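This report refers to the structure that appears directly beneath it.
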Amino acid sequence: MSESDTALGYEQARDELIEVVRKLEAGGTSLEDSLALWERGEELAKVCRHWLEGARARLDSALAAREAAEGAGGE
């Protein structure tokens, strides 16, 4: 991932990825342009995956903390 990609928010990366897929599905682009779009799509998918993995880790951490607090409280 490039430095500019890591600065993208999840929604920005997702929206751009949707646009890349739309262009690829529409066809009519040269092989070179299609390859460039594919590569960009792969990078955007990595950005989205990074954000989702981070969100999942935060959720898991919050759930673990809640369970620990409930266990310590005797509930």
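In the structure tokens, chains take the letters A, B, ... in the order shown, each chain's residues start at 1, and ligands count up from 1 in the order shown.
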
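Contact shell of range 13-26 of chain A at 7 Å (only C-alpha atoms; same-chain neighbours under 5 positions omitted): Leu8, Ser34, Leu37, Gly41, Leu44, Val47 and Cys48 of chain A.
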
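The nearest approach to Ala45 in chain A among the residues A:Leu63, A:Glu11, A:Glu32, A:Glu70, with only C-alpha atoms taken into account, belongs to A:Glu11.
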
Q: Return as JSON, numbers by chain the full set of residues in chain A whose backbone-based DSSP assignment is alpha helix (DSSP H).
A: {"A": [3, 4, 5, 6, 10, 11, 12, 13, 14, 15, 16, 17, 18, 19, 20, 21, 22, 23, 24, 25, 26, 31, 32, 33, 34, 35, 36, 37, 38, 39, 40, 41, 42, 43, 44, 45, 46, 47, 48, 49, 50, 51, 52, 53, 54, 55, 56, 57, 58, 59, 60, 61, 62, 63, 64, 65, 66, 67, 68, 69, 70, 71, 72]}
